[in-house]
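Engineer: See target.pdb below, with PDB, C-alpha atoms.
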```
ATOM      1  CA  MET A   1     -30.333  -9.915 -30.619
ATOM      2  CA  LYS A   2     -30.562  -6.292 -29.626
ATOM      3  CA  VAL A   3     -28.059  -5.230 -27.038
ATOM      4  CA  ALA A   4     -28.293  -2.494 -24.461
ATOM      5  CA  THR A   5     -25.262  -0.946 -22.844
ATOM      6  CA  LEU A   6     -25.128   0.028 -19.204
ATOM      7  CA  SER A   7     -22.285   2.384 -18.515
ATOM      8  CA  ALA A   8     -20.838   4.610 -15.855
ATOM      9  CA  GLN A   9     -17.809   6.895 -15.970
ATOM     10  CA  PHE A  10     -15.856   8.515 -13.144
ATOM     11  CA  GLN A  11     -12.866  10.791 -13.142
ATOM     12  CA  ALA A  12     -10.473  11.895 -10.423
ATOM     13  CA  GLU A  13      -7.023  13.428 -10.027
ATOM     14  CA  MET A  14      -3.961  12.414  -8.019
ATOM     15  CA  ASP A  15      -0.912  14.259  -6.755
ATOM     16  CA  CYS A  16       1.524  11.840  -8.360
ATOM     17  CA  PRO A  17       2.626  10.856 -11.883
ATOM     18  CA  LYS A  18       0.298   8.599 -13.855
ATOM     19  CA  GLU A  19       2.842   5.748 -13.798
ATOM     20  CA  VAL A  20       2.360   5.382 -10.034
ATOM     21  CA  VAL A  21      -1.383   5.035 -10.504
ATOM     22  CA  MET A  22      -0.879   2.581 -13.378
ATOM     23  CA  TRP A  23       1.325   0.459 -11.087
ATOM     24  CA  ASN A  24      -1.399   0.538  -8.468
ATOM     25  CA  TYR A  25      -4.152  -0.469 -10.906
ATOM     26  CA  TYR A  26      -2.025  -3.254 -12.332
ATOM     27  CA  ASP A  27      -0.877  -4.729  -9.001
ATOM     28  CA  HIS A  28      -2.882  -7.862  -8.109
ATOM     29  CA  GLU A  29      -1.362  -8.580  -4.707
ATOM     30  CA  HIS A  30      -2.628  -5.397  -3.081
ATOM     31  CA  LEU A  31      -6.239  -6.501  -3.629
ATOM     32  CA  VAL A  32      -6.098  -8.759  -0.562
ATOM     33  CA  GLY A  33      -3.908  -6.248   1.314
ATOM     34  CA  THR A  34      -4.953  -2.643   0.771
ATOM     35  CA  HIS A  35      -8.484  -3.729  -0.183
ATOM     36  CA  TYR A  36      -8.813  -6.505   2.384
ATOM     37  CA  LYS A  37     -12.330  -5.360   3.270
ATOM     38  CA  LEU A  38     -13.480  -5.772  -0.339
ATOM     39  CA  TYR A  39     -11.442  -8.705  -1.698
ATOM     40  CA  ASN A  40     -10.901 -12.019   0.047
ATOM     41  CA  LYS A  41      -8.936 -13.913  -2.591
ATOM     42  CA  ALA A  42      -6.839 -13.261  -5.683
ATOM     43  CA  ARG A  43      -4.920 -15.520  -7.988
ATOM     44  CA  VAL A  44      -2.896 -14.826 -11.103
ATOM     45  CA  LEU A  45      -3.753 -17.581 -13.577
ATOM     46  CA  ALA A  46      -1.424 -16.370 -16.291
ATOM     47  CA  GLU A  47       0.684 -13.317 -16.889
ATOM     48  CA  LYS A  48       3.140 -12.112 -19.455
ATOM     49  CA  GLY A  49       4.469  -8.666 -20.232
ATOM     50  CA  ASN A  50       1.619  -6.224 -19.996
ATOM     51  CA  TRP A  51      -1.306  -8.632 -19.810
ATOM     52  CA  SER A  52      -2.656 -10.915 -17.111
ATOM     53  CA  LEU A  53      -5.496 -13.312 -16.432
ATOM     54  CA  VAL A  54      -6.666 -13.115 -12.832
ATOM     55  CA  TYR A  55      -9.156 -14.822 -10.550
ATOM     56  CA  ARG A  56     -10.667 -12.625  -7.827
ATOM     57  CA  SER A  57     -13.298 -12.928  -5.146
ATOM     58  CA  LYS A  58     -14.807  -9.692  -3.910
ATOM     59  CA  ARG A  59     -17.821  -8.065  -2.379
ATOM     60  CA  MET A  60     -19.359  -5.219  -4.371
ATOM     61  CA  PRO A  61     -21.209  -2.376  -2.652
ATOM     62  CA  LEU A  62     -24.973  -2.907  -2.177
ATOM     63  CA  LEU A  63     -24.642  -6.645  -2.836
ATOM     64  CA  PRO A  64     -24.950  -8.858   0.257
ATOM     65  CA  PHE A  65     -22.649 -11.602  -1.053
ATOM     66  CA  TYR A  66     -19.204 -12.225  -2.509
ATOM     67  CA  THR A  67     -18.841 -12.761  -6.241
ATOM     68  CA  SER A  68     -15.900 -14.455  -7.862
ATOM     69  CA  GLY A  69     -14.784 -14.353 -11.439
ATOM     70  CA  ILE A  70     -12.069 -14.180 -14.010
ATOM     71  CA  GLY A  71     -10.603 -10.979 -15.348
ATOM     72  CA  PHE A  72      -8.290 -10.336 -18.280
ATOM     73  CA  GLN A  73      -6.398  -7.067 -18.220
ATOM     74  CA  TYR A  74      -3.829  -5.467 -20.445
ATOM     75  CA  MET A  75      -2.152  -2.152 -21.027
ATOM     76  CA  ASP A  76      -2.847  -0.375 -24.304
ATOM     77  CA  GLY A  77      -0.496   2.609 -24.094
ATOM     78  CA  ASN A  78      -1.785   4.768 -21.273
ATOM     79  CA  VAL A  79      -5.069   2.887 -21.022
ATOM     80  CA  MET A  80      -5.647  -0.223 -18.950
ATOM     81  CA  LYS A  81      -8.402  -2.358 -20.437
ATOM     82  CA  SER A  82     -10.000  -5.215 -18.618
ATOM     83  CA  PHE A  83     -12.783  -7.722 -19.043
ATOM     84  CA  HIS A  84     -14.348  -9.401 -16.013
ATOM     85  CA  LYS A  85     -16.762 -12.273 -16.101
ATOM     86  CA  ASP A  86     -18.301 -12.736 -12.684
ATOM     87  CA  SER A  87     -20.432 -15.491 -11.211
ATOM     88  CA  ILE A  88     -23.435 -13.186 -11.661
ATOM     89  CA  GLY A  89     -23.060 -13.815 -15.374
ATOM     90  CA  PHE A  90     -22.423 -10.399 -16.865
ATOM     91  CA  MET A  91     -19.215  -9.442 -18.601
ATOM     92  CA  LEU A  92     -17.938  -6.139 -17.309
ATOM     93  CA  GLN A  93     -15.563  -4.079 -19.428
ATOM     94  CA  MET A  94     -13.453  -1.501 -17.698
ATOM     95  CA  GLU A  95     -11.143   1.091 -19.193
ATOM     96  CA  ALA A  96      -8.889   3.242 -17.055
ATOM     97  CA  ASP A  97      -7.375   6.111 -18.990
ATOM     98  CA  PHE A  98      -4.333   7.735 -17.353
ATOM     99  CA  LYS A  99      -3.277  11.263 -18.300
ATOM    100  CA  ASP A 100      -0.420  13.447 -17.125
ATOM    101  CA  LEU A 101      -1.148  16.832 -15.612
ATOM    102  CA  PRO A 102       1.422  19.540 -14.825
ATOM    103  CA  ASN A 103       3.493  19.390 -11.615
ATOM    104  CA  ASP A 104       3.687  15.611 -11.268
ATOM    105  CA  ARG A 105      -0.072  15.221 -11.117
ATOM    106  CA  CYS A 106      -2.367  13.056 -13.188
ATOM    107  CA  SER A 107      -5.984  12.307 -13.938
ATOM    108  CA  VAL A 108      -7.697   8.954 -14.226
ATOM    109  CA  THR A 109     -10.939   8.359 -16.075
ATOM    110  CA  VAL A 110     -12.563   5.004 -15.512
ATOM    111  CA  THR A 111     -15.404   3.716 -17.646
ATOM    112  CA  TYR A 112     -17.407   0.633 -16.651
ATOM    113  CA  ARG A 113     -19.605  -0.985 -19.264
ATOM    114  CA  ILE A 114     -21.860  -4.018 -19.561
ATOM    115  CA  ASP A 115     -23.467  -5.022 -22.853
ATOM    116  CA  THR A 116     -26.608  -6.949 -22.049
ATOM    117  CA  HIS A 117     -30.214  -7.693 -22.932
ATOM    118  CA  PRO A 118     -32.307  -4.532 -23.342
ATOM    119  CA  PHE A 119     -34.443  -5.646 -20.400
ATOM    120  CA  PHE A 120     -31.598  -4.763 -18.052
ATOM    121  CA  LYS A 121     -31.568  -1.129 -19.207
ATOM    122  CA  LEU A 122     -34.136  -0.612 -16.467
ATOM    123  CA  PHE A 123     -31.393  -1.296 -13.959
ATOM    124  CA  GLU A 124     -28.957   1.310 -15.242
ATOM    125  CA  PRO A 125     -29.482   3.659 -12.240
ATOM    126  CA  PHE A 126     -28.665   0.753  -9.906
ATOM    127  CA  PHE A 127     -25.618  -0.154 -12.027
ATOM    128  CA  HIS A 128     -24.444   3.444 -11.815
ATOM    129  CA  LYS A 129     -24.956   3.530  -8.064
ATOM    130  CA  ILE A 130     -23.002   0.317  -7.470
ATOM    131  CA  PHE A 131     -20.092   1.401  -9.612
ATOM    132  CA  LYS A 132     -20.017   4.915  -8.197
ATOM    133  CA  ARG A 133     -19.648   3.426  -4.734
ATOM    134  CA  TRP A 134     -17.115   0.902  -5.966
ATOM    135  CA  PHE A 135     -14.986   3.520  -7.719
ATOM    136  CA  TRP A 136     -14.863   5.809  -4.699
ATOM    137  CA  ALA A 137     -14.409   3.009  -2.141
ATOM    138  CA  THR A 138     -11.371   1.672  -3.979
ATOM    139  CA  TRP A 139     -10.107   5.175  -4.798
ATOM    140  CA  GLU A 140     -10.117   6.186  -1.134
ATOM    141  CA  GLU A 141      -8.162   3.075  -0.180
ATOM    142  CA  ASP A 142      -5.720   3.437  -3.074
ATOM    143  CA  ALA A 143      -5.076   7.191  -2.919
ATOM    144  CA  PRO A 144      -2.822   7.130   0.183
ATOM    145  CA  MET A 145      -1.030   4.085  -1.228
ATOM    146  CA  ARG A 146      -0.143   5.965  -4.417
ATOM    147  CA  LEU A 147       0.930   9.095  -2.573
ATOM    148  CA  ARG A 148       3.134   7.103  -0.228
ATOM    149  CA  ARG A 149       4.605   5.095  -3.111
ATOM    150  CA  TRP A 150       5.514   8.356  -4.837
ATOM    151  CA  LYS A 151       6.921   9.790  -1.611
ATOM    152  CA  VAL A 152       9.198   6.818  -0.901
ATOM    153  CA  HIS A 153      10.264   6.740  -4.564
ATOM    154  CA  LYS A 154      11.467  10.324  -4.196
ATOM    155  CA  LEU A 155      13.442   9.238  -1.093
ATOM    156  CA  GLY A 156      15.256   6.646  -3.206
ATOM    157  CA  PHE A 157      13.186   3.551  -2.406
ATOM    158  CA  LYS A 158      14.103   0.420  -4.367
ATOM    159  CA  ASP A 159      11.727  -2.556  -4.560
ATOM    160  CA  PHE A 160      12.733  -5.582  -2.446
ATOM    161  CA  SER A 161      15.437  -3.486  -0.833
ATOM    162  CA  GLY A 162      14.133  -0.295   0.738
ATOM    163  CA  ILE A 163      15.610   3.141   1.329
ATOM    164  CA  GLU A 164      19.383   2.943   1.487
ATOM    165  CA  TYR A 165      20.055   5.696   4.022
ATOM    166  CA  ILE A 166      17.523   4.134   6.415
ATOM    167  CA  ASN A 167      18.709   0.559   6.142
ATOM    168  CA  LYS A 168      22.422   1.389   6.102
ATOM    169  CA  LYS A 169      22.062   3.980   8.882
ATOM    170  CA  LEU A 170      23.535   6.770   6.795
ATOM    171  CA  PRO A 171      22.759  10.484   6.930
ATOM    172  CA  VAL A 172      19.896  11.519   4.658
ATOM    173  CA  PRO A 173      21.586  12.624   1.398
ATOM    174  CA  GLU A 174      21.289  16.321   0.609
ATOM    175  CA  HIS A 175      20.112  15.527  -2.904
ATOM    176  CA  ILE A 176      18.364  12.312  -3.861
ATOM    177  CA  ASN A 177      18.160  11.761  -7.582
ATOM    178  CA  ALA A 178      15.430   9.155  -7.727
ATOM    179  CA  GLY A 179      14.680   9.733 -11.418
ATOM    180  CA  PRO A 180      11.256   9.379 -13.004
ATOM    181  CA  TYR A 181       8.882   6.694 -11.780
ATOM    182  CA  ILE A 182       8.920   3.858 -14.302
ATOM    183  CA  PHE A 183       5.987   1.482 -14.693
ATOM    184  CA  ASP A 184       7.142  -1.697 -16.373
ATOM    185  CA  PRO A 185       4.590  -4.503 -16.053
ATOM    186  CA  PRO A 186       4.227  -7.137 -14.800
ATOM    187  CA  VAL A 187       4.526  -6.035 -11.166
ATOM    188  CA  ARG A 188       7.103  -8.254  -9.447
ATOM    189  CA  THR A 189       5.412 -10.640  -7.025
ATOM    190  CA  SER A 190       6.706 -12.917  -4.307
ATOM    191  CA  SER A 191       3.642 -14.491  -2.721
ATOM    192  CA  ARG A 192       1.564 -17.554  -3.587
ATOM    193  CA  ILE A 193      -0.587 -15.435  -5.890
ATOM    194  CA  LYS A 194       0.659 -17.258  -8.993
ATOM    195  CA  THR A 195       0.145 -20.713  -7.497
ATOM    196  CA  ILE A 196      -2.957 -22.881  -7.314
ATOM    197  CA  ASP A 197      -3.518 -21.644  -3.745
ATOM    198  CA  GLY A 198      -3.670 -18.004  -4.741
ATOM    199  CA  GLU A 199      -3.396 -15.345  -2.077
ATOM    200  CA  GLU A 200      -6.015 -14.829   0.625
ATOM    201  CA  ARG A 201      -6.505 -11.854   2.871
ATOM    202  CA  PRO A 202      -4.972 -12.519   6.298
ATOM    203  CA  PHE A 203      -8.000 -11.159   8.165
ATOM    204  CA  LYS A 204     -11.241  -9.364   7.419
ATOM    205  CA  GLN A 205     -11.239  -7.057  10.430
ATOM    206  CA  SER A 206      -8.457  -5.038  11.945
ATOM    207  CA  PHE A 207      -7.736  -2.264  14.415
ATOM    208  CA  GLU A 208      -6.396   0.295  11.954
ATOM    209  CA  LEU A 209      -3.985   2.963  13.105
ATOM    210  CA  GLY A 210      -3.835   4.315   9.580
ATOM    211  CA  TYR A 211      -1.328   6.234   7.490
ATOM    212  CA  ASN A 212       0.741   9.085   8.839
ATOM    213  CA  ASP A 213       1.876  10.507   5.498
TER     214      ASP A 213
ATOM    215  CA  MET B   1       4.335  17.533  16.370
ATOM    216  CA  ALA B   2       4.921  20.288  18.904
ATOM    217  CA  GLU B   3       8.190  18.982  20.354
ATOM    218  CA  THR B   4      11.317  19.286  18.233
ATOM    219  CA  SER B   5      14.042  19.083  20.820
ATOM    220  CA  VAL B   6      17.202  17.049  20.662
ATOM    221  CA  ILE B   7      19.163  15.455  23.478
ATOM    222  CA  THR B   8      22.807  14.563  23.123
ATOM    223  CA  VAL B   9      24.333  11.540  24.814
ATOM    224  CA  GLN B  10      27.894  10.182  24.910
ATOM    225  CA  GLU B  11      27.853   6.529  23.818
ATOM    226  CA  ALA B  12      30.904   4.364  23.163
ATOM    227  CA  GLY B  13      33.086   7.373  22.533
ATOM    228  CA  ARG B  14      30.721   9.128  20.162
ATOM    229  CA  GLU B  15      28.230  11.889  20.668
ATOM    230  CA  VAL B  16      24.765  10.701  19.722
ATOM    231  CA  ALA B  17      21.925  13.118  19.020
ATOM    232  CA  TYR B  18      18.488  11.738  19.823
ATOM    233  CA  ARG B  19      15.506  13.452  18.202
ATOM    234  CA  TYR B  20      12.189  13.856  19.977
ATOM    235  CA  LEU B  21       9.672  11.387  18.579
ATOM    236  CA  ALA B  22       6.619  11.230  20.852
ATOM    237  CA  SER B  23       5.562  11.314  24.452
ATOM    238  CA  VAL B  24       5.084   8.203  26.539
ATOM    239  CA  GLU B  25       1.513   9.362  27.097
ATOM    240  CA  GLU B  26       0.797   9.420  23.340
ATOM    241  CA  LEU B  27       2.193   5.936  22.923
ATOM    242  CA  LYS B  28       0.171   4.606  25.829
ATOM    243  CA  LYS B  29      -3.124   5.416  24.041
ATOM    244  CA  THR B  30      -2.873   2.538  21.582
ATOM    245  CA  GLY B  31       0.531   1.049  22.325
ATOM    246  CA  GLN B  32       1.623   1.771  18.754
ATOM    247  CA  LEU B  33       2.070   4.830  16.575
ATOM    248  CA  THR B  34       3.921   5.889  13.439
ATOM    249  CA  ARG B  35       5.541   9.202  12.672
ATOM    250  CA  TRP B  36       7.666  10.765   9.923
ATOM    251  CA  ILE B  37      10.666  12.613  11.259
ATOM    252  CA  ASP B  38      13.440  13.986   9.013
ATOM    253  CA  ASP B  39      12.569  11.633   6.135
ATOM    254  CA  HIS B  40      12.449   8.579   8.402
ATOM    255  CA  ASP B  41       9.064   6.899   8.896
ATOM    256  CA  ILE B  42       9.217   5.347  12.337
ATOM    257  CA  LEU B  43       7.003   2.725  13.934
ATOM    258  CA  LEU B  44       7.022   3.128  17.709
ATOM    259  CA  TYR B  45       5.380   0.474  19.881
ATOM    260  CA  GLU B  46       5.322  -1.412  23.131
ATOM    261  CA  TYR B  47       6.116  -5.106  23.096
ATOM    262  CA  GLU B  48       6.438  -7.319  26.144
ATOM    263  CA  GLY B  49       6.926  -4.312  28.404
ATOM    264  CA  GLU B  50       9.575  -2.679  26.220
ATOM    265  CA  THR B  51       9.321   0.403  24.035
ATOM    266  CA  LYS B  52      10.775  -0.286  20.598
ATOM    267  CA  ALA B  53      11.125   1.453  17.238
ATOM    268  CA  LEU B  54      11.421   0.062  13.735
ATOM    269  CA  SER B  55      11.370   1.523  10.258
ATOM    270  CA  ASN B  56       7.742   1.750   9.123
ATOM    271  CA  VAL B  57       8.805   1.353   5.481
ATOM    272  CA  CYS B  58       8.206  -2.181   4.204
ATOM    273  CA  ARG B  59      11.155  -3.323   2.130
ATOM    274  CA  HIS B  60       8.869  -4.847  -0.486
ATOM    275  CA  PHE B  61       7.240  -1.782  -2.043
ATOM    276  CA  GLY B  62       7.441   0.792   0.764
ATOM    277  CA  GLY B  63       4.093   0.119   2.421
ATOM    278  CA  PRO B  64       3.167   1.146   5.965
ATOM    279  CA  VAL B  65       4.093  -1.750   8.265
ATOM    280  CA  GLY B  66       2.348  -0.221  11.279
ATOM    281  CA  TYR B  67      -0.979   0.564   9.592
ATOM    282  CA  HIS B  68      -2.657  -2.323  11.388
ATOM    283  CA  LYS B  69      -2.216  -2.763  15.114
ATOM    284  CA  ALA B  70       0.103  -5.713  15.670
ATOM    285  CA  LYS B  71      -1.514  -9.017  16.610
ATOM    286  CA  ASP B  72       0.198 -11.933  18.330
ATOM    287  CA  GLY B  73       3.580 -10.220  18.073
ATOM    288  CA  ILE B  74       3.359  -9.716  14.318
ATOM    289  CA  PHE B  75       3.001  -6.635  12.127
ATOM    290  CA  VAL B  76       1.280  -7.172   8.786
ATOM    291  CA  CYS B  77       2.034  -4.574   6.129
ATOM    292  CA  LEU B  78      -1.168  -3.132   4.716
ATOM    293  CA  TRP B  79      -0.272  -3.285   1.038
ATOM    294  CA  HIS B  80       0.827  -6.865   0.387
ATOM    295  CA  ASN B  81       0.695  -8.580   3.794
ATOM    296  CA  TRP B  82       4.414  -8.973   4.416
ATOM    297  CA  LYS B  83       4.846 -10.016   8.049
ATOM    298  CA  PHE B  84       7.405  -8.734  10.561
ATOM    299  CA  SER B  85       8.241  -9.755  14.100
ATOM    300  CA  CYS B  86       7.516  -7.224  16.834
ATOM    301  CA  LYS B  87      10.418  -8.731  18.732
ATOM    302  CA  ASP B  88      13.173  -7.552  16.418
ATOM    303  CA  GLY B  89      11.722  -6.438  13.061
ATOM    304  CA  SER B  90      12.787  -9.594  11.270
ATOM    305  CA  CYS B  91      10.733 -10.376   8.170
ATOM    306  CA  LEU B  92       8.764 -13.587   8.625
ATOM    307  CA  THR B  93       7.638 -13.856   5.027
ATOM    308  CA  HIS B  94      10.909 -12.868   3.370
ATOM    309  CA  PRO B  95      13.864 -13.600   5.642
ATOM    310  CA  GLY B  96      16.821 -11.389   4.860
ATOM    311  CA  LEU B  97      14.736  -8.247   4.509
ATOM    312  CA  PRO B  98      14.315  -7.100   8.131
ATOM    313  CA  LEU B  99      13.130  -3.675   9.186
ATOM    314  CA  ARG B 100      15.783  -1.331  10.479
ATOM    315  CA  ARG B 101      15.717  -0.940  14.284
ATOM    316  CA  TYR B 102      16.160   2.451  15.940
ATOM    317  CA  ALA B 103      17.716   3.084  19.353
ATOM    318  CA  LEU B 104      15.515   5.020  21.772
ATOM    319  CA  LYS B 105      15.979   7.054  24.947
ATOM    320  CA  ILE B 106      13.120   7.837  27.283
ATOM    321  CA  VAL B 107      13.654  10.912  29.416
ATOM    322  CA  ASP B 108      10.994  12.619  31.543
ATOM    323  CA  GLY B 109       8.101  11.003  29.720
ATOM    324  CA  LYS B 110       9.509  11.865  26.293
ATOM    325  CA  ILE B 111      10.728   9.346  23.742
ATOM    326  CA  TYR B 112      13.764  10.232  21.636
ATOM    327  CA  VAL B 113      15.169   8.365  18.653
ATOM    328  CA  ASP B 114      18.656   8.022  17.182
ATOM    329  CA  LEU B 115      18.084   8.435  13.450
ATOM    330  CA  LEU B 116      21.667   7.759  12.450
ATOM    331  CA  GLY B 117      22.986   4.868  14.529
ATOM    332  CA  GLU B 118      26.083   2.842  13.757
ATOM    333  CA  PRO B 119      26.483   2.601   9.971
ATOM    334  CA  GLN B 120      25.762  -0.829   8.494
ATOM    335  CA  PRO B 121      27.802  -2.448   5.731
TER     336      PRO B 121
END
```
Kindly present the structure from the file in structure tokens form.
Structural biologist:
Amino acid sequence: MKVATLSAQFQAEMDCPKEVVMWNYYDHEHLVGTHYKLYNKARVLAEKGNWSLVYRSKRMPLLPFYTSGIGFQYMDGNVMKSFHKDSIGFMLQMEADFKDLPNDRCSVTVTYRIDTHPFFKLFEPFFHKIFKRWFWATWEEDAPMRLRRWKVHKLGFKDFSGIEYINKKLPVPEHINAGPYIFDPPVRTSSRIKTIDGEERPFKQSFELGYND
Amino acid sequence: MAETSVITVQEAGREVAYRYLASVEELKKTGQLTRWIDDHDILLYEYEGETKALSNVCRHFGGPVGYHKAKDGIFVCLWHNWKFSCKDGSCLTHPGLPLRRYALKIVDGKIYVDLLGEPQP
């Protein structure tokens, strides 16, 4: 059978090292937190080292319903590759390529691709429009998360502990040697996300006061 | 932040410097606000008629605890939904990882915070 490929590629830059963005892309739990307006459920079905098999339920832009599906993702060096099979029936391939830039900055190039029947080539403009909106909607929600994560790292933040001078009521050290940000998957989790229940968003609407960073 | 003043108070034999954080008027608008001051991210809010301040840095991954307005006496961190009590900052999802509480002084409609406090073991 002949196959047609629908694809869309987007690129953007962040004011933090690529490892922070890789952590953010790899983290499953934030889907029903940071992206609570888009995702209503997530569950890690299996995970080991730098790969994971995940169930997610989400609402894509321009579609008036939620779709659920299974995604497999893994790190291949500085590229995160993933395959999603949604209830719509297509298999979406996504590659996120992370590159360092000078001055603790980075760039991310994300490519979305569906191989399908040539008939669907007609819908490529719609595919592009959906994924353009999706990329930027998630980017805008993730960008302040990454910047804050990088900021607290530089203040000496340790996972499941916090910032020592804050919690121990000490003066802010003159020099904090936080070291480089290390991304070492899998991301440590503590919720029900790895159980049969999965993790659901706590609400779908909120009065947001926002970030102050 | 326009105000940067400090007030000094004698407490239990030590001189405590309180830094200006916000005005009562600002806090009244939504009953909750967050602000970075000298590398402390502080969540200031009203709860059961009292003005209180907690660290706004979730002890999980550093997320903003006060991003959402509190509901039913509970803050839910934006990033991964860790829950904290408005009453005292205790963590409801992960006991043992409470938010640090800050002492406040309110003088002439201005709210001041003690960033240092008594050191903890």
Engineer: Please expand the ChimeraX specification (/A :<6) & /B into the concrete residues it hits in this file, giving the result as a count of residues only.
Structural biologist: 15
Engineer: Which residues, protein or nucleic acid, reach to within 12 Å of (-0.6, 5.8, -12.3) in the file's coordinates when using all atoms listed in the file, and can you give that as a VMD selection string?
Structural biologist: chain A and resid 12 to 27 75 78 to 80 96 to 101 104 to 109 142 to 143 145 to 147 149 to 150 181 to 184
Engineer: Restricting the calculation to only C-alpha atoms, which member of A:Phe131, A:Tyr112, A:Phe126, A:Phe203 is positioned closest to Thr5 (chain A)?
Structural biologist: A:Tyr112
Engineer: Which residue is closest to Gly62 (chain B)? Choose from B:Ala12, B:Leu21, B:Ile74, B:Leu99 and count all atoms listed in the file.
Structural biologist: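 Ranking B:Ala12, B:Leu21, B:Ile74, B:Leu99 by distance to Gly62 (chain B), first place goes to B:Leu99.
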Engineer: With only C-alpha atoms as the atoms that count, which of B:Ser90, B:Thr34, B:Asp114, B:Val57 lies nearest to Val6 (chain B)?
Structural biologist: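 Smallest separation from Val6 (chain B) among the options: B:Asp114.
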Engineer: Excluding Gly73 (chain B) and residues on its chain fewer than 2 positions from it, collect all residues at most 8 Å away from it, counting only C-alpha atoms, and give them as a CSV table (one decimal) with C-alpha atoms, in the frame of the given file.
Structural biologist:
```
chain,number,residue,atom,x,y,z
B,47,TYR,CA,6.1,-5.1,23.1
B,70,ALA,CA,0.1,-5.7,15.7
B,71,LYS,CA,-1.5,-9.0,16.6
B,75,PHE,CA,3.0,-6.6,12.1
B,85,SER,CA,8.2,-9.8,14.1
B,86,CYS,CA,7.5,-7.2,16.8
B,87,LYS,CA,10.4,-8.7,18.7
```
Engineer: Around all of region 87-102 of chain B's listed atoms, make the axis-aligned box with 6 Å on each side and tell me centre and edge lengths in Å to one decimal, as lines of an AutoDock Vina configuration file.
Structural biologist:
```
center_x = 12.2
center_y = -5.7
center_z = 11.1
size_x = 21.2
size_y = 28.3
size_z = 27.4
```
Engineer: For the structure provided, state which residues fall under the PyMOL selection byres ((chain A and resi 3) around 7), and present them as a list in words.
Structural biologist: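 Taken over the shown coordinates, the PyMOL selection byres ((chain A and resi 3) around 7) returns Met1, Lys2, Ala4, Thr5, Asp115, Thr116, His117 and Pro118 of chain A.
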Engineer: Given the PyMOL selection byres ((chain A and resi 93) around 9) and the file above, list the residues it selects as a VMD selection string.
Structural biologist: chain A and resid 81 to 85 91 to 92 94 to 95 111 to 115
Engineer: Residues near Leu44 (chain B), anyone? I mean within 6 Å using only C-alpha atoms, not counting same-chain ones fewer than 4 positions away, as a count of residues only.
Structural biologist: 5
Engineer: Which residues, written as an NGL selection string, have at least one atom at most 12 Å from region 23-26 of chain B, with all atoms listed in the file counted and residues fewer than 3 positions away on the same chain left out?
Structural biologist: :B and (1-4 or 19-20 or 29-35 or 44-46 or 50-52 or 104-113)
Engineer: Please write region 14-25 of chain B of the preceding block to a file containing N, CA and C atoms, as a PDB file, in the first residue's frame?
Structural biologist:
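Final output, decode04.pdb:
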```pdb
ATOM      1  N   ARG B  14      16.557  39.155  70.695  1.00  0.00           N
ATOM      2  CA  ARG B  14      17.320  39.329  69.443  1.00  0.00           C
ATOM      3  C   ARG B  14      16.645  40.400  68.587  1.00  0.00           C
ATOM      4  N   GLU B  15      17.466  41.023  67.792  1.00  0.00           N
ATOM      5  CA  GLU B  15      16.970  42.077  66.910  1.00  0.00           C
ATOM      6  C   GLU B  15      16.553  41.433  65.596  1.00  0.00           C
ATOM      7  N   VAL B  16      15.290  41.579  65.256  1.00  0.00           N
ATOM      8  CA  VAL B  16      14.788  40.928  64.041  1.00  0.00           C
ATOM      9  C   VAL B  16      14.462  41.978  62.982  1.00  0.00           C
ATOM     10  N   ALA B  17      15.030  41.794  61.802  1.00  0.00           N
ATOM     11  CA  ALA B  17      14.756  42.712  60.692  1.00  0.00           C
ATOM     12  C   ALA B  17      13.630  42.129  59.845  1.00  0.00           C
ATOM     13  N   TYR B  18      12.575  42.882  59.691  1.00  0.00           N
ATOM     14  CA  TYR B  18      11.457  42.464  58.842  1.00  0.00           C
ATOM     15  C   TYR B  18      11.513  43.247  57.537  1.00  0.00           C
ATOM     16  N   ARG B  19      11.456  42.526  56.428  1.00  0.00           N
ATOM     17  CA  ARG B  19      11.508  43.152  55.102  1.00  0.00           C
ATOM     18  C   ARG B  19      10.097  43.426  54.596  1.00  0.00           C
ATOM     19  N   TYR B  20       9.958  44.566  53.912  1.00  0.00           N
ATOM     20  CA  TYR B  20       8.656  44.889  53.322  1.00  0.00           C
ATOM     21  C   TYR B  20       8.305  43.847  52.254  1.00  0.00           C
ATOM     22  N   LEU B  21       7.068  43.376  52.297  1.00  0.00           N
ATOM     23  CA  LEU B  21       6.639  42.356  51.348  1.00  0.00           C
ATOM     24  C   LEU B  21       5.530  42.857  50.425  1.00  0.00           C
ATOM     25  N   ALA B  22       4.496  43.447  51.009  1.00  0.00           N
ATOM     26  CA  ALA B  22       3.356  43.922  50.215  1.00  0.00           C
ATOM     27  C   ALA B  22       2.491  44.794  51.108  1.00  0.00           C
ATOM     28  N   SER B  23       1.560  45.475  50.475  1.00  0.00           N
ATOM     29  CA  SER B  23       0.633  46.271  51.289  1.00  0.00           C
ATOM     30  C   SER B  23      -0.611  45.432  51.578  1.00  0.00           C
ATOM     31  N   VAL B  24      -1.282  45.798  52.647  1.00  0.00           N
ATOM     32  CA  VAL B  24      -2.539  45.121  52.985  1.00  0.00           C
ATOM     33  C   VAL B  24      -3.544  45.289  51.839  1.00  0.00           C
ATOM     34  N   GLU B  25      -3.505  46.456  51.231  1.00  0.00           N
ATOM     35  CA  GLU B  25      -4.426  46.747  50.121  1.00  0.00           C
ATOM     36  C   GLU B  25      -4.203  45.781  48.947  1.00  0.00           C
TER      37      GLU B  25
END
```
